[in-house]
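Worksheet for the structure shown next.
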Amino acid sequence: MGHVLEALLAHARVRAATMSASAGPRPARASLREAIAGKAQLSVIAEWKRASPSEGTLSVDHDFAAQLRAYAKGGAAAISVLTEDSRFGGSLHDLRAAALAVDVPLLMKDFVVAQTQVEAAAQLGASAVLLIARALDDHQLRDLAAACRGLGLDALVECHDEAELARALRLDEVLIGVNNRDLDTLVIDRARAERLLPRVPADRVVVAESGYTTSSAARALVGLADAVLIGTALMRSGDPAAFIADVQR
């Protein structure tokens with residue numbers, strides 16, 4: 001495990017130890033699985049992120065609510081919200097604000113290491129939570145996926161190689177994510193998805209992540225993935241709604 005991922009996980013453990021879910025019923029939210037399932041038409045999960053370790057600051061000139069509404073207007077099936085603060089500039093406040101701004105399903109994207117983070121996601125309006133296979137052992141992965149299920153959330157288990165994919169596929173109820181970015185080196189290689197996506201059974205819901213900077217690159221996933229997660233390209237686009245619509249034309 002590289003030093004960037006190790007640092008992010010260490011910080012996540014500190015945050016999780018001081019985190020507590022708010023009391024009260026979970027807000028109603030549409031299912032991520034139901035919103036994106038189906039490989040005949042590629043769905044888009046549009047991502048909001050303020051920064052990233054590899055790209056630096058991304059959101060200086062962006063109006064948060066306006067950007068998310070543009071995503072929905074363009075036809076995004078769901079929106080991913082980065083809530084990690086140390087390298088991505090996010091927060092749980094962004095997740096709460098997103099739930100107020102749009103009605104589409106929300107994915108809380110973070111470095112999740114504890115059930116308290118899953119509970120917070122549910123209370124703030126998330127439909128799903130990202131679980132990174134490389135960051136969790138089998139016991140942690142199973143328990144956190146079960147915590148998601150118990151709270152009515154989908155778990156999207158992110159994989160980077162064949163061994164991680166095999167671990168994720170043993171969990172029948174989870175969505176599968178294939179990330180082209182190596183979290184140890186931060187290098188993106190879209191050949192990773194080309195290699196791993198055909199190994200996912202056709203009946204499993206699968207999301208391709210990272211490196212889709214043009215609509216034509218994303219459209220190459222039709223028939224292989226149910227959805228593509230696009231972040232940096234949309235944050236840098238002058239017309240994110242048009243970009244999303246073009247992916248799905």
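Ordered as shown in the structure tokens, chains take letters A, B, and onward, while each chain numbers its residues from 1 and ligands are numbered from 1 in the order shown.
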Sorted by chain and rising residue number, which residues of stretch 122-236 of chain A lie within 10 Å of stretch 46-65 of chain A, and what are their closest atom pairs and distances in Å to one decimal, counting only C-alpha atoms, as a Markdown table?
```
| residue | atom | partner | partner_atom | distance |
| --- | --- | --- | --- | --- |
| A:Thr185 | CA | A:Ser54 | CA | 9.6 |
| A:Leu186 | CA | A:Ser54 | CA | 6.6 |
| A:Val187 | CA | A:Ser54 | CA | 8.6 |
| A:Val228 | CA | A:Ala46 | CA | 8.4 |
| A:Leu229 | CA | A:Ala46 | CA | 5.9 |
| A:Ile230 | CA | A:Ala46 | CA | 5.3 |
| A:Gly231 | CA | A:Glu47 | CA | 4.4 |
| A:Thr232 | CA | A:Leu58 | CA | 7.5 |
| A:Ala233 | CA | A:Glu47 | CA | 9.4 |
| A:Leu234 | CA | A:Ala46 | CA | 7.3 |
| A:Met235 | CA | A:Leu58 | CA | 6.4 |
| A:Arg236 | CA | A:Leu58 | CA | 7.1 |
```
Convert the current residue selection to file output with N, CA and C atoms, as a PDB file, in the first residue's frame.
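Final output, result28.pdb:
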```pdb
ATOM      1  N   THR A 185       0.129   4.722  -6.739  1.00  0.00           N
ATOM      2  CA  THR A 185       0.946   5.625  -7.566  1.00  0.00           C
ATOM      3  C   THR A 185       0.154   6.808  -8.114  1.00  0.00           C
ATOM      4  N   LEU A 186      -1.187   6.742  -8.078  1.00  0.00           N
ATOM      5  CA  LEU A 186      -2.131   7.722  -8.633  1.00  0.00           C
ATOM      6  C   LEU A 186      -2.136   7.738 -10.161  1.00  0.00           C
ATOM      7  N   VAL A 187      -1.431   6.800 -10.778  1.00  0.00           N
ATOM      8  CA  VAL A 187      -1.395   6.715 -12.241  1.00  0.00           C
ATOM      9  C   VAL A 187      -2.694   6.084 -12.751  1.00  0.00           C
ATOM     10  N   VAL A 228     -20.588   4.807 -15.669  1.00  0.00           N
ATOM     11  CA  VAL A 228     -19.247   5.368 -15.622  1.00  0.00           C
ATOM     12  C   VAL A 228     -19.267   6.524 -14.625  1.00  0.00           C
ATOM     13  N   LEU A 229     -18.253   6.583 -13.780  1.00  0.00           N
ATOM     14  CA  LEU A 229     -18.129   7.686 -12.828  1.00  0.00           C
ATOM     15  C   LEU A 229     -17.138   8.689 -13.402  1.00  0.00           C
ATOM     16  N   ILE A 230     -17.603   9.919 -13.559  1.00  0.00           N
ATOM     17  CA  ILE A 230     -16.780  10.971 -14.156  1.00  0.00           C
ATOM     18  C   ILE A 230     -16.689  12.138 -13.178  1.00  0.00           C
ATOM     19  N   GLY A 231     -15.470  12.547 -12.863  1.00  0.00           N
ATOM     20  CA  GLY A 231     -15.274  13.626 -11.909  1.00  0.00           C
ATOM     21  C   GLY A 231     -14.522  14.808 -12.474  1.00  0.00           C
ATOM     22  N   THR A 232     -13.203  14.664 -12.637  1.00  0.00           N
ATOM     23  CA  THR A 232     -12.358  15.781 -13.047  1.00  0.00           C
ATOM     24  C   THR A 232     -12.824  16.409 -14.351  1.00  0.00           C
ATOM     25  N   ALA A 233     -13.188  15.586 -15.334  1.00  0.00           N
ATOM     26  CA  ALA A 233     -13.613  16.131 -16.636  1.00  0.00           C
ATOM     27  C   ALA A 233     -14.841  17.012 -16.495  1.00  0.00           C
ATOM     28  N   LEU A 234     -15.761  16.645 -15.603  1.00  0.00           N
ATOM     29  CA  LEU A 234     -16.963  17.458 -15.395  1.00  0.00           C
ATOM     30  C   LEU A 234     -16.658  18.709 -14.592  1.00  0.00           C
ATOM     31  N   MET A 235     -15.759  18.614 -13.625  1.00  0.00           N
ATOM     32  CA  MET A 235     -15.387  19.791 -12.848  1.00  0.00           C
ATOM     33  C   MET A 235     -14.680  20.824 -13.725  1.00  0.00           C
ATOM     34  N   ARG A 236     -14.025  20.352 -14.783  1.00  0.00           N
ATOM     35  CA  ARG A 236     -13.290  21.263 -15.667  1.00  0.00           C
ATOM     36  C   ARG A 236     -14.090  21.661 -16.899  1.00  0.00           C
TER      37      ARG A 236
END
```
Just list the residues in stretch 35-241 of chain A DSSP gives alpha helix (DSSP H) on the backbone, as an MDAnalysis selection string.
chainID A and resid 35:36 64:74 92:101 115:123 138:150 162:169 191:196 215:219 232:236 240:241
As a PyMOL selection string, please: the residues near A:Ala133 (cut-off 10 Å, only C-alpha atoms, same-chain neighbours under 4 positions excluded).
chain A and resi 137-138+140-141+156-161+163-165+167-168+177
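Closest approach to A:Asp203 among A:Leu183, A:Leu92, A:Leu169, A:Ile188 is made by A:Leu169 (distances from only C-alpha atoms).
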Neighbours of A:Ala218 within 10 Å (only C-alpha atoms; same-chain residues fewer than 3 positions away dropped), as a PyMOL selection string?
chain A and resi 42-44+208-209+211-215+221-222+225+227-230+244+246-248
Can you pull out the residues contacting A:Ala147? Cut-off 10 Å, using only C-alpha atoms, and skip same-chain residues under 5 positions away; I want them as a list in words.
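Once the adjacent positions are removed, what remains is Ala114, Gln115, Thr116, Val118, Glu119, Leu141, Arg142, Gly152, Leu153, Asp154 and Ala155 of chain A.
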Using DSSP on the backbone, list every residue of stretch 108-244 of chain A that comes out as strand (DSSP E), and give them as a VMD selection string.
chain A and resid 108 to 109 128 to 132 154 to 159 175 to 179 206 to 209 227 to 230
Considering only C-alpha atoms, return as number ranges by chain whatever protein or nucleic-acid residues lie within 12 Å of A:Leu100, sequence-local ones (same chain, fewer than 2 positions apart) excluded.
A: 27-29, 64-66, 68-69, 93-98, 102-106, 124-126
Which residues are near stretch 33-40 of chain A? Cut-off 6 Å, only C-alpha atoms, ignore same chain within fewer than 2 positions. Put them as a list in words.
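So the residues in contact are Ser31, Ser43, Ala77, Val205, Gly223, Ala225 and Asp226 of chain A.
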Which residue is closest to A:Ala245? Choose from A:Ala72, A:Leu171, A:Leu32, A:Leu8 and count only C-alpha atoms.
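Between A:Ala72, A:Leu171, A:Leu32, A:Leu8, the residue approaching A:Ala245 most closely is A:Ala72.
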One number please: atom CA of A:Phe88 to atom CA of A:Arg190, in Å, one decimal.
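Going from atom CA of A:Phe88 over to atom CA of A:Arg190 covers 22.1 Å.
Atom CA of A:Phe111 sits 25.2 Å away from atom CA of A:Arg199.
When only C-alpha atoms are used to compute distances to A:Arg26, the closest of the residues A:Ala122, A:Leu107, A:Leu175, A:Ala12 turns out to be A:Ala122.
Counting only C-alpha atoms and comparing A:Asp110, A:Gln117, A:Ala146, A:Ala166, the residue that lies closest to A:Gly89 is A:Asp110.
Going from atom CA of A:Asp182 over to atom CA of A:Met19, you cover 28.3 Å.
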Taking only C-alpha atoms into account, which of A:Ala101, A:Leu9, A:Ala241, A:Ala193 comes nearest A:Lys73?
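The closest residue to A:Lys73 is A:Ala241.
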